[in-house]
Every structure is written in C-alpha cells, then in structure tokens.
Amino acid sequence: MSTFADVFFNIMQPYHLMCVAGGVLIGILVGVMPGLSSVMGMSVTLPLTLSLDGYGGILMMLGIFCGAIYGGSITAILINTPGTANSAATCLDGHPMVTKLKQPGRALGISTTASLCGGIFSAFVLLWTAPLLAKVALKFSAPEYFALGVFGLSIVTSVSSKSIWKGILGAFLGLFLSTIGMDTINGSYRFTFDRIYLTGGINFVPVLIGLFALSQGLISVEEQFGKAKEKVKGKLERVLPTKADLKAIWATILRSSILGSVIGAIPGTGGDIASWIGYNEAKRWSKHPEKFGEGVPEGIAAPEAANNAVCGGALIPLLTLGIPGDACTAIMLGALMVQGIVPGPLLFVEQTDKVYTIIIGLFVANIAMGILGYLGIRVFSKIVNVPNKLMVPIIFVFCFVGTYALNNNIYDVFLMIIAGFIGFFLLKLDFSIPPIILGMILGKTIENNFRRSLVISNGNPLIFFQHPISLALLIIAFAAVFYPFFQPAIKRKLAAARRKKEEDKEGSL
Amino acid sequence: MKKYNIGISVLMCILAGGIFYFTKDFPKYYAGAPGSGFWPRVIAAGILIVSVVLLAETFIKKEERGEPPIIYTSQGIKRVYILFGLILLFGIGLQYLGLVISAVLFIPAVMFTLGERRVIWLVAGGIGVTAAIYVIFAVGLNVVLPKAFFM
C-alpha cells in the first residue's frame with residue numbers, strides 16, 4: 001500500500017502531470033489529423049519520451065495512447081472522417097448530430113464524457129485484474145514463456161487485415177530480424193557480415209519508426225494527392241453534456257466500458273472492433289433502435305466508451321504476460337523495454353513501483369484527457385485545418401530527430417529510412433506492419449525460451465506438451481492462427497443450419 | 001496483384017535459401033540444446049513454406065479486377081519518388097551539415113513537392129519548424145541533435 005501511495009504522490013508532481021498532459025495533447029493532435037494514426041504518433045514520439053527523466057517517459061506514452069484514441073472522434077463527428085480507425089463507428093451518429101440537429105458541441109461533449117468514463121473504467125479493471133493474472137503467471141518457466149511468445153505471435157492472422165499469408169510472412173521476417181546479432185546463448189555472431197553496427201542486433205525502434213511513421217507519411221502523400229481536404233467551419237456551442245444526456249447515456253457507457261475492457265484484454269483485437277461491437281450492442285439494447293444513425297446520444301457514447309476502455313484492457317496482457325495485443329501496445333512494450341522495464345509477471349514482484357506508475361498513470365491520463373477535451377475542444381477542432389503541406393515535413397523531421405535521439409547514431413537514421421521505404425512498398429502490397437514488429441519484439445523471447453526448455457528436457461521437445469499451461473497456450477495459438485482460414489466455412493455451415501431450422505419451422509406450421 | 005505476389009514469393013524463397021546458406025557452418029548443438037543455426041533455419045523453413053503457399057494461392061485464386069497496387073506513372077507516386085530522394089538527401093545532409101541546416105533546406109523542399117508555391121510560406125515553414133524542433137528537443141529536452149562537420 002505504501003508503494004501505491006508513494007507512486008501516487010510522485011505522479012502528482014507538477015513535472016509528471018505536465019508529461020501526462022503533454023502526452024495527451026500530442027495524442028489528441030495526432031488523433032485529430034486524419035491520416036495520422038495513433039500508432040504513428042506513438043512511434044514518432046517514442047524516442048522523445050526516452051529523454052524525459054524518471055517516470056516522465058512512461059507517463060507521456062500513456063497520455064499519447066489515451067489521447068490519440070479520443071482525438072479520432074473529433075473529426076469523425078465534425079467532418080465525418082474518423083481520425084483513427086477506432087472512431088469509424090462514431091461517424092454514424094456523431095456526424096448526423098452535427099448536420100441534422102446542428103449540435104456539434106453537444107456531440108463532442110458526449111464523446112468526451114464517454115471516452116473519459118470508458119478510460120477510467122478500464123483503468124479500474126486493470127488495477128483489479130492485472131495483479132491476479134500476474135500471480136498465476138509467476139509459476140511460468142521456460143516452456144510456458146516459449147508458448148506465451150508463440151501465443152502472442154499467433155495474433156498476426158487477426159491483425160493482418162488484407163492477406164493472412166502475408167501477415168504470417170511478415171511475422172517470420174520480424175523473427176528473422178530478431179536473430180541478427182550476437183546469439184545470447186553461446187555468444188556467436190549471426191548475420192552480422194562483420195559490421196559492428198549489427199553485432200548488438202537490429203534495434204527495433206528505428207525499424208518501428210520507419211515502418212509505422214515514415215512509410216505511413218509517404219502513403220498519405222500518395223493517397224491524398226489531388227484530394228481537397230475538408231475543413232471544419234462554424235463555432236461550437238456548449239461542450240459539457242446536459243443532465244438529460246447523461247441520464248440517457250450512462251447505461252450505454254457502462255455496457256460499452258465493460259465490452260471495451262474485455263475486448264481490449266484479448267490479444268489481436270483493438271479499439272476498432274470494440275467500438276463497432278459497442279455500437280451494435282447499444283442499438284440492440286435501445287428502446288428506439290430505429291433512431292440510430294440520426295444523431296442519438298447513445299450512438300456516440302457507445303463506440304467512444306468502448307474504444308477508450310480498450311486502453312486499460314490491452315495493458316492487462318501486456319503488463320502481466322508481456323504480450324502486446326495490437327500495434328499500439330507493441331509500441332508501448334518497446335517503449336517500456338527501452339526504459340529498462342520488462343513487462344511480465346516478474347514485473348509485479350521486482351518493480352511494483354513501475355506497475356503502479358503505469359496503472360495510476362492511466363487514471364491520470366484519462367482525467368487529463370477529459371479536462372483537455374472539455375477545455376480545448378474548440379482549438380482541437382481547428383487543428384484538422386492545418387495543411388498537409390506543412391504537416392508531412394514536420395512528421396518526416398520528427399522521424400529523423402526521434403531516431404537519432406535514441407542512440408545518437410546516424411546508422412539508426414539510415415536503418416529507419418530503409419525501413420520506411422520498404423514499409424511503403426509492403427503496405428502497397430497488402431502486407432500488414434504489426435506482425436513484423438511483433439516478430440521482432442517476441443523473437444528473442446521465443447528463441448531463448450525454446451532453447452532453454454530443450455536444455456532442461458535434455459533435448460526432448462515433448463516438454464512443451466507436458467506442461468499444462470504451455471500446452472493450453474500452444475493449442476490456443478494454433479487455433480488463433482488457423483481460425484481465420486476456417487472462419488468462412490464455419491460461417492457457411494452455421495448459416496446453412498440456421499436456414500434449415502427456419503425451413504423446418506415453416507414446414508411444421 | 002498476381003505478378004507482385006509471384007515476385008514476393010520468389011524473393012522470400014531466395015531469402016530463405018540465403019538463411020540456410022549462411023547458417024550451414026553454425027554449430028548444430030550447444031550444451032545439449034540446438035545451436036545458434038537451428039532457430040534461423042526453423043524461420044527459413046517457415047518462410048519457404050508460406051511463400052510456396054502464397055504462390056499456390058496466387059495461381060489458384062481468380063484475380064479480382066481492379067486497380068493495380070502500384071501505378072508507377074501516377075502523379076501521387078511520382079511525388080513519393082521525389083520524397084524518397086529528398087529523404088535520402090536529408091539523411092546524408094544530417095551526417096555532414098547537421099540538423100539545422102539540413103532541415104531548413106529539407107522542409108521547404110518537401111513543402112514545394114507537395115504543391116506549396118508561396119515563397120513566404122516556404123521560408124517561414126523551413127525556419128519556423130526548424131526553430132521549433134530545435135527549441136523543443138535541444139533546449140527543452142537536452143536531446144543531442146546532429147551537428148555540422150564544421151561545428
């Protein structure tokens with residue numbers, strides 16, 4: 001308890017509060033700009049957070065994480081263009097409230113309230129569940145860690161939106177990149193080609209910045225060529241929700257917060273899935289589902305509470321098992337590792353202060369998001385008007401400065417450029433970027449624990465199937481990888497069974 | 001997409017072959033466990049299998065009609081090519097001229113490529129953004145930025 005209190009008072013220091021607020025601000029700005037994803041914002045600013053003292057870096061990353069998800073809703077509501085994929089469902093009722101009901105301030109107020117509540121709820125879920133899960137995970141040994149790594153990697157099929165095979169190829173590429181450098185078991189060098197730069201292995205941060213930020217910047221230049229940018233016009237009236245609105249949306253917020261927290265905790269899902277499910281459930285439970293799509297408050301609150309609740313949920317597997325559930329948490333994992341924090345069950349025993357910093361930091365980040373959201377919504381709504389001609393070079397320079405700041409090494413910069421160029425073509429060819437990063441991050445864990453397990457078992461590979469947790473994780477991983485391949489057939493079969501049942505029913509009548 | 005998928009599969013098969021080739025002399029065992037070449041070979045086998053499956057899928061599946069993934073002659077991609085060059089020059093410039101001089105040249109060059117023609121905006125963008133980055137990183141956060149060779 002004293003650690004909790006110590007950390008709490010430490011975070012309440014003005015410097016740390018400024019770091020959180022700064023992170024939230026950056027996150028909202030990134031989220032507001034269509035074409036800039038939360039992943040891009042987090043990867044560009046990752047090196048910046050490393051230069052902050054103490055807990056500042058972690059707190060800033062948490063701020064960006066929360067702010068970016070919320071920021072996406074502003075443009076979704078005002079110009080029907082979601083700033084991030086997480087806010088696509090918010091367009092359905094958010095924009096009609098602006099165009100049909102002429103109440104943009106009300107729509108933004110509801111979205112801010114729902115985001116704030118969803119985020120706070122998920123922080124509570126994280127606070128209660130993470131230590132329990134960590135207790136179970138403390139019993140893990142090498143085979144379990146190997147299985148856990150494989151399980152973490154198995155989400156590649158669900159994050160590979162366009163081509164599953166290319167997603168798996170990307171994961172293998174990431175795994176291969178993780179083998180470059182010195183082998184930590186026997187000290188021999190692999191694929192270094194006598195280059196000193198490669199002996200320490202490939203640093204994943206420059207690759208991450210290149211693949212997520214530089215390549216995305218180039219993609220947006222190409223895709224938005226010749227397209228006019230929609231601008232936000234007009235003034236916003238009151239942005240605080242009324243009592244009537246709060247009464248109308250509280251149940252929706254609670255339901256969506258639970259859904260978002262649970263969905264966030266499942267690796268391979270994310271804010272976009274949570275927001276659509278949240279919206280669908282709100283419509284299903286509503287007394288007036290026919291009004292959805294015309295600007296009902298529940299239609300805005302549901303996706304926003306759900307996507308912000310994902311933040312806390314996604315941190316559960318990350319902190320307790322060291323498994324990132326999506327691209328954002330993969331970056332978060334990278335940021336924590338660079339800060340010397342290795343997520344996993346031991347973190348809860350050896351670095352309790354760091355765990356509490358992240359959990360309390362999430363509370364503070366959400367509160368800061370709410371305050372900044374209510375106070376600055378008028379300004380944020382104008383950010384979208386910043387021309388791409390200015391935004392793109394700023395992003396590019398940030399990529400360079402951030403990469404160089406990491407180790408003050410110009411070779412990192414060239415690695416980032418190469419990753420950016422390759423990433424551009426990979427994205428054009430329907431590759432998904434998160435599997436590559438997941439492979440790079442989890443590669444060492446998987447390989448080292450695989451070899452350690454075999455040392456323990458004198459080379460007997462059955463060790464992975466003799467440990468129940470390891471076996472269970474491997475079965476789940478196997479199912480997760482192959483489920484998307486069988487999904488269409490399962491759906492067809494279910495639909496046929498349903499049709500047959502209906503026909504039988506009609507026949508009996 | 002068909003020809004691109006074939007190209008990707010072939011490239012990946014070459015990569016897998018390269019991994020097998022470069023790990024041929026690695027020790028097979030070390031302290032009772034697989035040696036340092038084992039895991040890369042597992043990965044290479046995985047790459048090989050998935051590449052073959054992708055290749056087979058490409059030939060079996062009917063290609064949907066639509067725009068090719070990369071239109072090499074489109075105006076948008078031509079801009080990206082120019083940006084590739086500018087980014088590369090900026091990287092080299094960082095090494096020799098440092099951040100400040102390189103950024104003051106790079107930012108207006110990118111803005112110009114993206115269609116900005118007003119000289120005042122180009123100059124203001126270059127100097128303003130560079131100054132802001134310098135203040136935030138070097139002054140505010142004490143981050144070491146690349147310096148010119150003569151400094």
# chains A, B, ... in the order shown; residues from 1 in each chain; ligands from 1
call {"tool": "interface_residues", "arguments": {"of": "chain A", "to": "chain B", "cutoff": "7 Å", "atoms": "only C-alpha atoms", "output": "ChimeraX atom specification"}}
result
/A:51,165,169,172,176,179,183,218,221-223,225,389-390,393,405,408,410,413-414,428-429,447,451,454-455,458-459
call {"tool": "residues_around", "arguments": {"residues": "A:Met440", "least_positions_apart": "5", "cutoff": "6 Å", "atoms": "only C-alpha atoms", "output": "NGL selection string"}}
result
:A and (174-175 or 178)
call {"tool": "closest_residue", "arguments": {"among": "A:Pro14, A:Gly67, A:Gly325, A:Pro387", "to": "A:Ser154", "atoms": "only C-alpha atoms"}}
result
A:Gly325
call {"tool": "closest_residue", "arguments": {"among": "A:Met416, A:Ile358, A:Asn460, A:Ile185", "to": "A:Met332", "atoms": "only C-alpha atoms"}}
result
A:Ile358
call {"tool": "atom_distance", "arguments": {"atom1": "atom CA of A:Pro47", "atom2": "atom CA of B:Val135"}}
result
16.3 Å
call {"tool": "select_by_dssp", "arguments": {"residues": "chain B", "states": "alpha helix (DSSP H)", "output": "PyMOL selection string"}}
result
chain B and resi 2-22+38-60+75-113+119-133
